[in-house]
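J.: Below is entry_27.tsv; it holds TSV, C-alpha atoms.
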```tsv
chain	number	residue	atom	x	y	z
A	1	ARG	CA	108.70	70.43	82.05
A	2	ARG	CA	111.77	69.51	84.11
A	3	ILE	CA	114.17	70.84	81.46
A	4	ALA	CA	112.17	74.08	81.16
A	5	GLY	CA	112.28	74.43	84.96
A	6	VAL	CA	116.08	74.23	84.92
A	7	ALA	CA	116.74	76.20	81.72
A	8	ASP	CA	114.10	78.89	82.23
A	9	PRO	CA	112.87	78.84	85.85
A	10	VAL	CA	109.90	80.88	87.03
A	11	PRO	CA	111.18	84.16	88.54
A	12	PRO	CA	110.96	84.47	92.33
A	13	GLY	CA	107.59	85.73	93.49
A	14	TRP	CA	105.71	84.92	90.29
A	15	ALA	CA	104.21	81.72	91.66
A	16	ASP	CA	102.97	83.60	94.75
A	17	ALA	CA	101.50	86.31	92.53
A	18	ALA	CA	99.69	83.70	90.44
A	19	ARG	CA	98.27	82.04	93.55
A	20	GLY	CA	97.16	85.47	94.77
A	21	ALA	CA	95.36	86.18	91.50
A	22	PHE	CA	93.41	82.95	91.75
A	23	ALA	CA	92.66	83.62	95.41
A	24	TRP	CA	91.30	87.09	94.53
A	25	ALA	CA	88.98	85.58	91.92
A	26	ALA	CA	87.54	83.27	94.59
A	27	VAL	CA	86.73	86.15	97.00
A	28	PRO	CA	83.01	86.88	96.83
A	29	GLY	CA	82.18	90.44	95.90
A	30	VAL	CA	81.62	92.87	93.08
A	31	PRO	CA	84.98	93.89	91.58
A	32	ALA	CA	85.61	97.63	91.87
A	33	ARG	CA	87.63	99.34	89.16
A	34	LEU	CA	90.57	101.63	89.84
A	35	THR	CA	89.44	105.20	89.12
A	36	TYR	CA	92.32	107.19	90.65
A	37	ASP	CA	95.94	106.54	91.61
A	38	SER	CA	98.12	109.40	92.84
A	39	ARG	CA	101.16	107.52	91.57
A	40	THR	CA	100.02	108.11	87.98
A	41	ALA	CA	98.24	111.45	88.50
A	42	ALA	CA	99.91	114.70	87.45
A	43	SER	CA	100.49	115.63	91.09
A	44	ALA	CA	102.44	112.44	91.75
A	45	GLY	CA	105.62	114.12	90.49
A	46	ARG	CA	105.76	116.26	93.65
A	47	GLY	CA	107.15	113.32	95.60
A	48	ASP	CA	104.73	113.64	98.54
A	49	VAL	CA	106.22	112.39	101.80
A	50	LEU	CA	104.56	112.15	105.19
A	51	PHE	CA	106.23	113.42	108.35
A	52	THR	CA	107.15	109.82	109.19
A	53	GLY	CA	109.48	109.70	106.21
A	54	ALA	CA	107.28	107.15	104.46
A	55	ALA	CA	105.85	107.67	100.98
A	56	GLN	CA	102.18	108.57	100.65
A	57	ARG	CA	99.86	107.31	97.93
A	58	THR	CA	96.11	107.59	97.38
A	59	VAL	CA	94.05	105.12	95.34
A	60	ARG	CA	90.30	105.10	94.69
A	61	PHE	CA	88.14	102.23	93.48
A	62	THR	CA	84.54	102.49	92.24
A	63	ALA	CA	81.82	99.88	91.85
A	64	GLY	CA	78.28	100.27	90.56
A	65	ALA	CA	76.58	103.32	89.11
A	66	GLY	CA	73.92	105.84	90.08
A	67	PRO	CA	72.48	105.37	93.57
A	68	ALA	CA	74.21	101.96	93.86
A	69	ARG	CA	77.65	103.53	93.28
A	70	VAL	CA	80.22	102.80	96.02
A	71	GLU	CA	83.72	104.22	96.30
A	72	VAL	CA	86.57	102.88	98.39
A	73	GLU	CA	89.37	105.39	98.87
A	74	LEU	CA	92.66	104.31	100.42
A	75	GLU	CA	95.40	106.62	101.68
A	76	LEU	CA	98.60	104.60	102.02
A	77	ASP	CA	101.47	105.47	104.35
A	78	ILE	CA	104.18	103.23	102.87
A	79	GLY	CA	107.16	102.39	105.05
A	80	ALA	CA	110.14	100.15	104.38
A	81	ASP	CA	108.32	96.94	105.32
A	82	LYS	CA	104.84	97.99	106.55
A	83	VAL	CA	101.87	99.88	105.14
A	84	ARG	CA	99.32	101.86	107.12
A	85	VAL	CA	95.95	102.32	105.40
A	86	LEU	CA	93.45	105.05	106.19
A	87	GLY	CA	90.33	104.37	104.16
A	88	ARG	CA	86.85	105.61	103.52
A	89	VAL	CA	83.78	103.92	102.06
A	90	ARG	CA	81.42	106.31	100.24
A	91	PRO	CA	78.59	106.69	100.81
A	92	GLY	CA	79.54	106.42	104.46
A	93	ARG	CA	78.23	103.46	106.45
A	94	ARG	CA	79.24	101.00	109.10
A	95	ALA	CA	80.93	97.98	107.57
A	96	THR	CA	83.51	95.32	108.18
A	97	VAL	CA	86.52	95.87	105.95
A	98	VAL	CA	89.12	93.16	105.38
A	99	ALA	CA	92.57	93.66	103.84
A	100	LEU	CA	93.63	90.41	102.14
A	101	SER	CA	97.14	89.49	101.05
A	102	THR	CA	99.11	86.33	100.49
A	103	GLY	CA	100.25	86.81	104.11
A	104	GLY	CA	96.73	86.60	105.53
A	105	ARG	CA	93.85	88.87	106.39
A	106	THR	CA	93.45	91.90	108.62
A	107	ALA	CA	89.97	93.09	109.61
A	108	ALA	CA	88.91	96.63	110.48
A	109	HIS	CA	85.56	98.30	111.09
A	110	ALA	CA	84.32	101.36	109.24
A	111	ASP	CA	82.37	103.84	111.38
A	112	GLU	CA	79.11	105.53	110.35
A	113	SER	CA	81.06	107.97	108.15
A	114	GLY	CA	82.73	105.01	106.39
A	115	THR	CA	86.20	105.72	107.79
A	116	PHE	CA	88.48	102.83	108.73
A	117	ARG	CA	92.15	102.23	109.49
A	118	VAL	CA	94.45	99.25	109.09
A	119	ASP	CA	97.86	99.46	110.78
A	120	GLU	CA	100.93	97.30	110.27
A	121	LEU	CA	99.93	95.67	106.99
A	122	PRO	CA	102.89	93.78	105.51
A	123	ARG	CA	104.32	95.52	102.45
A	124	ARG	CA	103.03	93.18	99.77
A	125	PRO	CA	100.13	93.29	97.31
A	126	PHE	CA	96.74	93.42	99.02
A	127	CYS	CA	93.08	93.99	98.19
A	128	VAL	CA	90.26	95.33	100.33
A	129	VAL	CA	86.85	93.71	100.73
A	130	VAL	CA	83.93	95.74	102.12
A	131	ASP	CA	81.02	93.70	103.45
A	132	GLY	CA	77.37	94.54	102.90
A	133	PRO	CA	74.35	93.24	101.03
A	134	GLN	CA	76.59	93.12	97.98
A	135	PRO	CA	80.25	92.92	99.06
A	136	ILE	CA	82.79	94.94	97.07
A	137	LYS	CA	86.41	93.99	96.45
A	138	THR	CA	89.15	96.26	95.16
A	139	GLY	CA	91.82	95.14	92.77
A	140	TRP	CA	95.31	94.37	94.03
A	141	VAL	CA	97.17	97.36	95.44
A	142	VAL	CA	100.91	96.94	94.89
A	143	THR	CA	102.99	99.16	97.16
```
Can you dump the structure from the file as structure tokens?
T.:
Amino acid sequence: RRIAGVADPVPPGWADAARGAFAWAAVPGVPARLTYDSRTAASAGRGDVLFTGAAQRTVRFTAGAGPARVEVELELDIGADKVRVLGRVRPGRRATVVALSTGGRTAAHADESGTFRVDELPRRPFCVVVDGPQPIKTGWVVT
């Protein structure tokens, strides 16, 4: 193990990513699957930029089916070192929403329409957890 650590060390950041993956698995909630990412959509080639000069990206996660279906849509304003998230839970409802990353957790509150906002999130992978009778957690969003 020691020789492998010297001859072929783990790349920087990989250990943190592995810890994050295990931490995500321990978060209670129904995993939502990624159903849309503007980065990979046909329109992503336009190079959308907000007036702030930061890149914009939209991702959507879906959990459940039929009347139990819940969507979490995130619009990301990506700066050099911070991310601003404007999100919406559908169907709309009041909820506590928490953005989790290896750097900690940031809570926000969705209003009756399901809209929430998280400012000044560090630019690192994060997931979003929406509370409720059956909490929902998104996959990791890498900015």
J.: Of the candidates A:His109, A:Ile78, A:Leu100, A:Ala7, which shows the shortest atom-to-atom distance to A:Trp140, using all atoms listed in the file?
T.: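 When distances to A:Trp140 are compared using all atoms listed in the file, the smallest one comes from A:Leu100.
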J.: Write out as a short mmCIF file (atom, residue, chain, number, x, y, z; two decimals) with C-alpha atoms, in the coordinates of the input the residues lying within 10 Å of A:Ala63, counting all atoms listed in the file and excluding same-chain residues fewer than 6 positions away.
T.:
```cif
data_model
loop_
_atom_site.label_atom_id
_atom_site.label_comp_id
_atom_site.auth_asym_id
_atom_site.auth_seq_id
_atom_site.Cartn_x
_atom_site.Cartn_y
_atom_site.Cartn_z
CA VAL A 30 81.62 92.87 93.08
CA PRO A 31 84.98 93.89 91.58
CA ALA A 32 85.61 97.63 91.87
CA ARG A 33 87.63 99.34 89.16
CA LEU A 34 90.57 101.63 89.84
CA THR A 35 89.44 105.20 89.12
CA ARG A 69 77.65 103.53 93.28
CA VAL A 70 80.22 102.80 96.02
CA GLU A 71 83.72 104.22 96.30
CA VAL A 72 86.57 102.88 98.39
CA ILE A 136 82.79 94.94 97.07
CA LYS A 137 86.41 93.99 96.45
CA THR A 138 89.15 96.26 95.16
#
```
J.: List the spatial neighbours of A:Lys82 as a list in words - criterion: any atom at most 6 Å away, only C-alpha atoms, same-chain residues fewer than 4 positions off excluded.
T.: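 The filter keeps Glu120, Leu121, Pro122 and Arg123 of chain A.
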J.: Around the point (99.5, 98.9, 101.4) in the file's coordinates, collect all residues with an atom within 7 Å, using only C-alpha atoms, and return them as a list in words.
T.: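 Applying the cut-off with only C-alpha atoms, one gets Leu76, Ile78, Val83, Arg84, Val85, Leu121, Arg123, Arg124, Pro125, Phe126, Val141, Val142 and Thr143 of chain A.
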J.: From the list A:Pro67, A:Thr102, A:Val89, A:Thr58, which residue is nearest A:Ala18 when using only C-alpha atoms?
T.: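 Of the candidates, the smallest distance to A:Ala18 is held by A:Thr102.
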J.: Atom CA of A:Gly66 and atom CA of A:Gly29, how far apart in Å?
T.: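 Atom CA of A:Gly66 lies at a distance of 18.4 Å from atom CA of A:Gly29.
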J.: Report the distance between atom CA of A:Pro135 and atom CA of A:Ala17 in Å, rounded to one decimal place.
T.: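 That distance, rounded to one decimal, is 23.2 Å.
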J.: Which of these, A:Gly114, A:Ile3, A:Gly103, A:Arg57, has the shortest distance to A:Arg19 once you count only C-alpha atoms?
T.: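 Of A:Gly114, A:Ile3, A:Gly103, A:Arg57, the one nearest A:Arg19, counting only C-alpha atoms, is A:Gly103.
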J.: Atom CA of A:Pro133 to atom CA of A:Ala95: how many Å, to one decimal?
T.: 10.4 Å
J.: Hey, which of A:Arg39, A:Arg117, A:Thr62, A:Glu75 ends up closest to A:Arg90? Count all atoms listed in the file.
T.: A:Thr62
J.: Considering all atoms listed in the file, can you say which of A:Ala80, A:Ala15, A:Leu86, A:Val27 comes closest to A:Val129?
T.: A:Val27
J.: Ranking A:Gly64, A:Ala26, A:Cys127, A:Leu74 by minimum distance to A:Ser101 and counting all atoms listed in the file, which one comes first?
T.: A:Cys127
